[in-house]
file work_15.pdb (PDB, C-alpha atoms, pLDDT in the B column)
ATOM      1  CA  MET A   1    -108.046 -76.880  98.388  1.00 92.00           C
ATOM      2  CA  LYS A   2    -110.037 -78.463  95.598  1.00 96.00           C
ATOM      3  CA  GLU A   3    -113.499 -77.562  94.382  1.00 97.00           C
ATOM      4  CA  ALA A   4    -115.799 -79.796  92.325  1.00 97.00           C
ATOM      5  CA  ILE A   5    -117.289 -78.169  89.231  1.00 98.00           C
ATOM      6  CA  SER A   6    -120.530 -79.393  87.695  1.00 96.00           C
ATOM      7  CA  THR A   7    -123.098 -78.256  85.171  1.00 98.00           C
ATOM      8  CA  ASP A   8    -126.289 -79.530  83.589  1.00 97.00           C
ATOM      9  CA  GLY A   9    -124.811 -78.366  80.268  1.00 97.00           C
ATOM     10  CA  ALA A  10    -122.720 -81.533  80.121  1.00 98.00           C
ATOM     11  CA  PRO A  11    -123.575 -85.129  80.954  1.00 96.00           C
ATOM     12  CA  GLY A  12    -123.513 -85.946  84.641  1.00 93.00           C
ATOM     13  CA  ALA A  13    -120.811 -88.193  85.983  1.00 88.00           C
ATOM     14  CA  ILE A  14    -121.589 -91.879  85.423  1.00 81.00           C
ATOM     15  CA  GLY A  15    -119.412 -92.935  88.336  1.00 88.00           C
ATOM     16  CA  PRO A  16    -117.740 -91.632  91.496  1.00 95.00           C
ATOM     17  CA  TYR A  17    -115.981 -88.640  89.929  1.00 96.00           C
ATOM     18  CA  SER A  18    -116.529 -84.930  89.241  1.00 97.00           C
ATOM     19  CA  GLN A  19    -117.051 -83.340  85.826  1.00 98.00           C
ATOM     20  CA  ALA A  20    -114.059 -81.174  86.769  1.00 98.00           C
ATOM     21  CA  VAL A  21    -112.020 -80.243  89.809  1.00 98.00           C
ATOM     22  CA  ARG A  22    -110.476 -76.831  90.347  1.00 98.00           C
ATOM     23  CA  VAL A  23    -107.247 -76.666  92.345  1.00 98.00           C
ATOM     24  CA  GLY A  24    -105.956 -73.122  92.588  1.00 97.00           C
ATOM     25  CA  GLN A  25    -105.750 -71.768  89.036  1.00 97.00           C
ATOM     26  CA  TRP A  26    -105.859 -75.221  87.453  1.00 98.00           C
ATOM     27  CA  LEU A  27    -108.993 -76.934  86.206  1.00 98.00           C
ATOM     28  CA  PHE A  28    -108.814 -80.681  85.628  1.00 98.00           C
ATOM     29  CA  CYS A  29    -111.692 -81.766  83.366  1.00 98.00           C
ATOM     30  CA  SER A  30    -112.734 -85.398  83.387  1.00 98.00           C
ATOM     31  CA  GLY A  31    -112.925 -87.183  80.072  1.00 98.00           C
ATOM     32  CA  GLN A  32    -115.986 -86.403  78.011  1.00 98.00           C
ATOM     33  CA  ILE A  33    -117.583 -88.706  75.483  1.00 98.00           C
ATOM     34  CA  GLY A  34    -120.199 -87.739  72.930  1.00 98.00           C
ATOM     35  CA  LEU A  35    -123.216 -87.973  75.220  1.00 98.00           C
ATOM     36  CA  ASP A  36    -126.042 -85.519  74.682  1.00 98.00           C
ATOM     37  CA  PRO A  37    -126.624 -83.935  78.107  1.00 97.00           C
ATOM     38  CA  ALA A  38    -130.360 -83.619  77.440  1.00 96.00           C
ATOM     39  CA  THR A  39    -130.928 -87.295  76.646  1.00 96.00           C
ATOM     40  CA  GLY A  40    -127.916 -89.061  78.114  1.00 95.00           C
ATOM     41  CA  ALA A  41    -127.541 -90.938  74.827  1.00 97.00           C
ATOM     42  CA  LEU A  42    -124.518 -91.124  72.574  1.00 98.00           C
ATOM     43  CA  VAL A  43    -125.021 -88.792  69.602  1.00 98.00           C
ATOM     44  CA  ASP A  44    -125.574 -90.312  66.166  1.00 97.00           C
ATOM     45  CA  GLY A  45    -123.269 -89.614  63.256  1.00 97.00           C
ATOM     46  CA  GLY A  46    -120.029 -91.390  64.066  1.00 98.00           C
ATOM     47  CA  VAL A  47    -116.738 -90.105  65.351  1.00 98.00           C
ATOM     48  CA  VAL A  48    -117.078 -86.598  63.863  1.00 98.00           C
ATOM     49  CA  ALA A  49    -120.433 -85.964  65.554  1.00 98.00           C
ATOM     50  CA  GLU A  50    -119.145 -87.482  68.790  1.00 98.00           C
ATOM     51  CA  THR A  51    -116.046 -85.272  68.748  1.00 98.00           C
ATOM     52  CA  LYS A  52    -118.143 -82.134  68.235  1.00 98.00           C
ATOM     53  CA  ARG A  53    -120.352 -83.143  71.169  1.00 98.00           C
ATOM     54  CA  VAL A  54    -117.278 -83.833  73.302  1.00 98.00           C
ATOM     55  CA  PHE A  55    -116.073 -80.271  72.734  1.00 98.00           C
ATOM     56  CA  GLU A  56    -119.498 -78.795  73.474  1.00 98.00           C
ATOM     57  CA  ASN A  57    -119.555 -80.795  76.710  1.00 98.00           C
ATOM     58  CA  LEU A  58    -116.048 -79.597  77.617  1.00 98.00           C
ATOM     59  CA  ARG A  59    -117.056 -76.013  76.767  1.00 98.00           C
ATOM     60  CA  ALA A  60    -120.005 -76.281  79.197  1.00 98.00           C
ATOM     61  CA  VAL A  61    -117.839 -77.652  82.014  1.00 98.00           C
ATOM     62  CA  LEU A  62    -115.240 -74.929  81.451  1.00 98.00           C
ATOM     63  CA  ALA A  63    -117.946 -72.251  81.423  1.00 98.00           C
ATOM     64  CA  ALA A  64    -119.240 -73.516  84.772  1.00 98.00           C
ATOM     65  CA  ALA A  65    -115.765 -72.765  86.133  1.00 98.00           C
ATOM     66  CA  GLY A  66    -115.629 -69.345  84.479  1.00 97.00           C
ATOM     67  CA  ALA A  67    -113.238 -70.550  81.777  1.00 97.00           C
ATOM     68  CA  ALA A  68    -113.182 -71.160  78.027  1.00 98.00           C
ATOM     69  CA  LEU A  69    -111.637 -73.575  75.549  1.00 98.00           C
ATOM     70  CA  ASP A  70    -108.774 -71.184  74.793  1.00 97.00           C
ATOM     71  CA  GLN A  71    -107.560 -71.627  78.376  1.00 98.00           C
ATOM     72  CA  ILE A  72    -106.915 -75.343  77.894  1.00 98.00           C
ATOM     73  CA  ALA A  73    -103.216 -76.125  78.309  1.00 98.00           C
ATOM     74  CA  ARG A  74    -103.323 -79.880  77.655  1.00 98.00           C
ATOM     75  CA  THR A  75    -105.669 -82.522  76.298  1.00 98.00           C
ATOM     76  CA  THR A  76    -105.619 -86.276  76.003  1.00 98.00           C
ATOM     77  CA  ILE A  77    -107.589 -87.921  73.218  1.00 98.00           C
ATOM     78  CA  TYR A  78    -108.603 -91.569  73.559  1.00 98.00           C
ATOM     79  CA  LEU A  79    -109.587 -93.331  70.324  1.00 98.00           C
ATOM     80  CA  VAL A  80    -111.004 -96.801  69.865  1.00 98.00           C
ATOM     81  CA  ASP A  81    -109.794 -96.733  66.248  1.00 98.00           C
ATOM     82  CA  LEU A  82    -106.611 -94.793  65.503  1.00 98.00           C
ATOM     83  CA  GLY A  83    -107.833 -94.758  61.898  1.00 98.00           C
ATOM     84  CA  ASP A  84    -110.202 -91.990  63.098  1.00 98.00           C
ATOM     85  CA  PHE A  85    -107.243 -89.750  64.005  1.00 98.00           C
ATOM     86  CA  ALA A  86    -107.482 -87.506  60.914  1.00 98.00           C
ATOM     87  CA  ARG A  87    -111.252 -86.945  61.294  1.00 98.00           C
ATOM     88  CA  VAL A  88    -110.926 -86.146  64.996  1.00 98.00           C
ATOM     89  CA  ASN A  89    -107.983 -83.866  64.239  1.00 98.00           C
ATOM     90  CA  GLU A  90    -110.094 -81.892  61.723  1.00 98.00           C
ATOM     91  CA  VAL A  91    -112.776 -81.270  64.335  1.00 98.00           C
ATOM     92  CA  TYR A  92    -110.165 -80.511  67.012  1.00 98.00           C
ATOM     93  CA  ALA A  93    -108.636 -77.817  64.791  1.00 98.00           C
ATOM     94  CA  ARG A  94    -112.010 -76.007  64.618  1.00 98.00           C
ATOM     95  CA  TYR A  95    -112.078 -75.523  68.393  1.00 98.00           C
ATOM     96  CA  PHE A  96    -108.536 -74.212  68.966  1.00 97.00           C
ATOM     97  CA  THR A  97    -106.173 -71.592  67.588  1.00 95.00           C
ATOM     98  CA  ALA A  98    -102.432 -71.207  68.065  1.00 96.00           C
ATOM     99  CA  PRO A  99    -100.846 -71.632  70.458  1.00 96.00           C
ATOM    100  CA  TYR A 100    -102.538 -75.030  70.549  1.00 97.00           C
ATOM    101  CA  PRO A 101    -102.772 -77.070  73.746  1.00 98.00           C
ATOM    102  CA  ALA A 102    -100.174 -79.750  74.360  1.00 98.00           C
ATOM    103  CA  ARG A 103    -101.741 -83.096  73.561  1.00 98.00           C
ATOM    104  CA  ALA A 104    -101.444 -86.853  73.641  1.00 98.00           C
ATOM    105  CA  THR A 105    -103.504 -89.317  71.610  1.00 98.00           C
ATOM    106  CA  VAL A 106    -103.934 -92.860  72.853  1.00 98.00           C
ATOM    107  CA  GLY A 107    -105.461 -95.911  71.195  1.00 98.00           C
ATOM    108  CA  VAL A 108    -107.730 -97.852  73.559  1.00 98.00           C
ATOM    109  CA  ALA A 109    -109.643-101.126  73.334  1.00 98.00           C
ATOM    110  CA  ALA A 110    -113.002 -99.651  74.351  1.00 98.00           C
ATOM    111  CA  LEU A 111    -114.692 -96.603  75.880  1.00 98.00           C
ATOM    112  CA  PRO A 112    -117.822 -96.235  78.041  1.00 95.00           C
ATOM    113  CA  ARG A 113    -121.195 -96.544  76.327  1.00 95.00           C
ATOM    114  CA  GLY A 114    -119.614 -97.661  73.058  1.00 97.00           C
ATOM    115  CA  ALA A 115    -118.109 -94.223  72.379  1.00 98.00           C
ATOM    116  CA  ARG A 116    -115.455 -93.887  69.689  1.00 98.00           C
ATOM    117  CA  VAL A 117    -113.645 -90.900  71.242  1.00 98.00           C
ATOM    118  CA  GLU A 118    -113.056 -89.435  74.700  1.00 98.00           C
ATOM    119  CA  ILE A 119    -111.148 -86.257  75.524  1.00 98.00           C
ATOM    120  CA  ASP A 120    -110.007 -84.886  78.860  1.00 98.00           C
ATOM    121  CA  ALA A 121    -108.430 -81.498  79.468  1.00 98.00           C
ATOM    122  CA  ILE A 122    -106.402 -79.382  81.872  1.00 98.00           C
ATOM    123  CA  ALA A 123    -106.984 -75.635  81.786  1.00 98.00           C
ATOM    124  CA  LEU A 124    -105.391 -72.639  83.463  1.00 98.00           C
ATOM    125  CA  VAL A 125    -108.148 -70.414  84.810  1.00 95.00           C
ATOM    126  CA  SER A 126    -107.910 -67.012  86.437  1.00 82.00           C
TER     127      SER A 126
END

call {"tool": "encode", "arguments": {"input": "work_15.pdb", "output": "C-alpha cells"}}
result
Amino acid sequence: MKEAISTDGAPGAIGPYSQAVRVGQWLFCSGQIGLDPATGALVDGGVVAETKRVFENLRAVLAAAGAALDQIARTTIYLVDLGDFARVNEVYARYFTAPYPARATVGVAALPRGARVEIDAIALVS
C-alpha cells in the first residue's frame, strides 16, 4: 500500500504528483527545485543557492515522513549546465556524510520554472 506524504515546509506539487510516496519502508521523494515554499518563487543566487534550497525542501518532505537526510539511499541530480557540477557537488557534500547515497547526475535541456538544478531521492525509513 502506498501513502502520499506532503508538507507546507516544501513547495506544493505543481502537477498531478505527490511530494513523496511511502511504500513500506521506502520513501520516494519527487524532484525538488529551488523554490521557496513561502513565496513559490525560485530563490535568487544561482545554482548554489538553488541547491541549498533543494536540500531544505527535501529535508522538510523527509521530516513529514518521520525521516532525515541521512536515510537517503539514492539521489538523482538533474543539471541544466553540467559546468555547475563542481558547485552542486560542494553543496551536496555539506548535507551528507559517509556512507554517501548512491547517485546519478544527468544533464538536461531545461527544468521547470527556469531552475538550474533538480534533485530527487529515495530513502529507507523505519

call {"tool": "residues_around", "arguments": {"input": "work_15.pdb", "residues": "region 89-91 of chain A", "least_positions_apart": "4", "cutoff": "8 Å", "atoms": "all atoms listed in the file", "output": "ChimeraX atom specification"}}
result
/A:48,51-52,85,95

call {"tool": "closest_residue", "arguments": {"input": "work_15.pdb", "among": "A:Tyr100, A:Glu3, A:Ala10, A:Trp26", "to": "Thr39 (chain A)", "atoms": "only C-alpha atoms"}}
result
A:Ala10

call {"tool": "atom_distance", "arguments": {"input": "work_15.pdb", "atom1": "CA of Arg74 (chain A)", "atom2": "CA of Ile122 (chain A)"}}
result
5.2 Å

call {"tool": "resolve_selection", "arguments": {"input": "work_15.pdb", "expression": "the PyMOL selection byres ((chain A and resi 118) around 9)", "output": "compact mmCIF listing (two decimals) with C-alpha atoms, keeping the file's coordinate frame"}}
result
# COMPACT_ATOMS: atom_id res chain seq x y z
CA GLY A 31 -112.92 -87.18 80.07
CA GLN A 32 -115.99 -86.40 78.01
CA ILE A 33 -117.58 -88.71 75.48
CA GLY A 34 -120.20 -87.74 72.93
CA GLU A 50 -119.14 -87.48 68.79
CA THR A 51 -116.05 -85.27 68.75
CA VAL A 54 -117.28 -83.83 73.30
CA THR A 76 -105.62 -86.28 76.00
CA ILE A 77 -107.59 -87.92 73.22
CA TYR A 78 -108.60 -91.57 73.56
CA LEU A 79 -109.59 -93.33 70.32
CA LEU A 111 -114.69 -96.60 75.88
CA PRO A 112 -117.82 -96.24 78.04
CA ALA A 115 -118.11 -94.22 72.38
CA ARG A 116 -115.46 -93.89 69.69
CA VAL A 117 -113.64 -90.90 71.24
CA ILE A 119 -111.15 -86.26 75.52
CA ASP A 120 -110.01 -84.89 78.86

call {"tool": "atom_distance", "arguments": {"input": "work_15.pdb", "atom1": "CA of Arg113 (chain A)", "atom2": "CA of Ala67 (chain A)"}}
result
27.7 Å

call {"tool": "residues_around", "arguments": {"input": "work_15.pdb", "residues": "Gln71 (chain A)", "least_positions_apart": "3", "cutoff": "6 Å", "atoms": "all atoms listed in the file", "output": "list in words"}}
result
Ala68, Ala123 and Leu124 of chain A

call {"tool": "closest_residue", "arguments": {"input": "work_15.pdb", "among": "A:Gly12, A:Pro37, A:Gly24, A:Gly45", "to": "Val125 (chain A)", "atoms": "all atoms listed in the file"}}
result
A:Gly24

call {"tool": "resolve_selection", "arguments": {"input": "work_15.pdb", "expression": "the PyMOL selection byres ((chain A and resi 18) around 10)", "output": "PyMOL selection string"}}
result
chain A and resi 3-6+12-17+19-21+28-30

call {"tool": "closest_residue", "arguments": {"input": "work_15.pdb", "among": "A:Pro101, A:Gly9, A:Gly83, A:Gly40", "to": "Glu56 (chain A)", "atoms": "all atoms listed in the file"}}
result
A:Gly9

call {"tool": "decode", "arguments": {"input": "work_15.pdb", "residues": "region 3-119 of chain A", "atoms": "C-alpha atoms", "output": "compact mmCIF listing (two decimals), in the first residue's frame"}}
result
# COMPACT_ATOMS: atom_id res chain seq x y z
CA GLU A 3 0.81 6.64 1.23
CA ALA A 4 1.22 10.19 -0.08
CA ILE A 5 3.41 12.46 2.04
CA SER A 6 3.05 16.23 1.97
CA THR A 7 4.18 19.24 3.95
CA ASP A 8 3.87 23.01 3.82
CA GLY A 9 7.62 23.08 4.56
CA ALA A 10 8.32 22.37 0.89
CA PRO A 11 6.73 23.72 -2.27
CA GLY A 12 3.44 22.10 -3.18
CA ALA A 13 3.26 19.89 -6.22
CA ILE A 14 2.90 21.88 -9.44
CA GLY A 15 1.26 18.98 -11.23
CA PRO A 16 -0.53 15.67 -10.64
CA TYR A 17 2.06 14.12 -8.32
CA SER A 18 2.88 13.82 -4.61
CA GLN A 19 5.82 15.45 -2.82
CA ALA A 20 6.70 11.90 -1.76
CA VAL A 21 5.14 8.46 -1.63
CA ARG A 22 5.85 5.93 1.09
CA VAL A 23 5.67 2.25 0.15
CA GLY A 24 6.53 0.03 3.08
CA GLN A 25 9.89 1.21 4.41
CA TRP A 26 10.77 3.09 1.23
CA LEU A 27 10.15 6.78 0.65
CA PHE A 28 10.25 8.02 -2.93
CA CYS A 29 10.71 11.81 -2.96
CA SER A 30 9.72 13.72 -6.07
CA GLY A 31 12.28 16.03 -7.59
CA GLN A 32 12.72 19.32 -5.80
CA ILE A 33 13.87 22.55 -7.39
CA GLY A 34 14.97 25.66 -5.55
CA LEU A 35 11.52 27.08 -4.88
CA ASP A 36 10.96 28.94 -1.64
CA PRO A 37 7.91 27.27 -0.07
CA ALA A 38 6.76 30.57 1.45
CA THR A 39 6.70 32.50 -1.82
CA GLY A 40 6.62 29.83 -4.51
CA ALA A 41 9.42 31.69 -6.30
CA LEU A 42 12.79 30.38 -7.36
CA VAL A 43 15.44 31.56 -4.90
CA ASP A 44 17.97 34.15 -6.05
CA GLY A 45 21.69 33.49 -6.03
CA GLY A 46 22.29 30.96 -8.77
CA VAL A 47 22.90 27.25 -8.65
CA VAL A 48 24.49 27.23 -5.17
CA ALA A 49 21.51 28.96 -3.55
CA GLU A 50 19.11 26.76 -5.51
CA THR A 51 20.91 23.59 -4.41
CA LYS A 52 20.77 24.64 -0.75
CA ARG A 53 17.03 25.30 -1.09
CA VAL A 54 16.54 21.94 -2.80
CA PHE A 55 18.07 20.18 0.20
CA GLU A 56 16.00 22.19 2.67
CA ASN A 57 12.89 21.24 0.69
CA LEU A 58 13.92 17.56 0.67
CA ARG A 59 14.65 17.75 4.42
CA ALA A 60 11.10 19.06 5.03
CA VAL A 61 9.50 16.30 2.94
CA LEU A 62 11.58 13.64 4.71
CA ALA A 63 10.67 15.09 8.11
CA ALA A 64 6.97 14.88 7.22
CA ALA A 65 7.54 11.14 6.77
CA GLY A 66 9.49 10.83 10.02
CA ALA A 67 12.82 10.56 8.20
CA ALA A 68 16.03 12.53 7.73
CA LEU A 69 18.60 13.19 5.03
CA ASP A 70 20.93 10.51 6.40
CA GLN A 71 18.33 7.89 5.48
CA ILE A 72 18.57 8.69 1.77
CA ALA A 73 19.87 5.68 -0.17
CA ARG A 74 19.90 7.20 -3.67
CA THR A 75 19.62 10.56 -5.37
CA THR A 76 19.41 11.77 -8.93
CA ILE A 77 20.69 15.24 -9.77
CA TYR A 78 19.43 16.98 -12.91
CA LEU A 79 21.55 19.89 -14.16
CA VAL A 80 20.83 22.30 -16.97
CA ASP A 81 24.56 23.06 -17.18
CA LEU A 82 26.97 20.25 -16.34
CA GLY A 83 29.53 23.01 -15.79
CA ASP A 84 27.72 23.55 -12.45
CA PHE A 85 28.63 20.02 -11.31
CA ALA A 86 31.50 21.08 -9.01
CA ARG A 87 29.45 23.81 -7.28
CA VAL A 88 26.49 21.49 -6.75
CA ASN A 89 28.84 18.78 -5.51
CA GLU A 90 30.29 21.17 -2.88
CA VAL A 91 26.82 21.90 -1.52
CA TYR A 92 25.83 18.22 -1.72
CA ALA A 93 28.84 17.27 0.41
CA ARG A 94 27.62 19.58 3.21
CA TYR A 95 24.37 17.64 3.56
CA PHE A 96 25.72 14.07 3.65
CA THR A 97 28.38 12.04 5.42
CA ALA A 98 29.80 8.63 4.58
CA PRO A 99 28.41 6.28 3.59
CA TYR A 100 27.09 8.62 0.91
CA PRO A 101 23.93 7.84 -1.05
CA ALA A 102 24.28 6.20 -4.44
CA ARG A 103 23.79 8.86 -7.08
CA ALA A 104 23.38 9.68 -10.74
CA THR A 105 23.84 13.09 -12.35
CA VAL A 106 22.10 13.88 -15.60
CA GLY A 107 22.42 16.84 -17.95
CA VAL A 108 19.03 18.11 -19.14
CA ALA A 109 17.89 20.75 -21.62
CA ALA A 110 15.60 22.57 -19.18
CA LEU A 111 13.87 22.31 -15.81
CA PRO A 112 10.55 23.70 -14.53
CA ARG A 113 10.40 27.40 -13.68
CA GLY A 114 13.85 28.04 -15.14
CA ALA A 115 15.60 26.13 -12.34
CA ARG A 116 19.25 25.18 -12.79
CA VAL A 117 19.14 22.05 -10.59
CA GLU A 118 16.60 19.44 -9.50
CA ILE A 119 17.21 16.53 -7.13
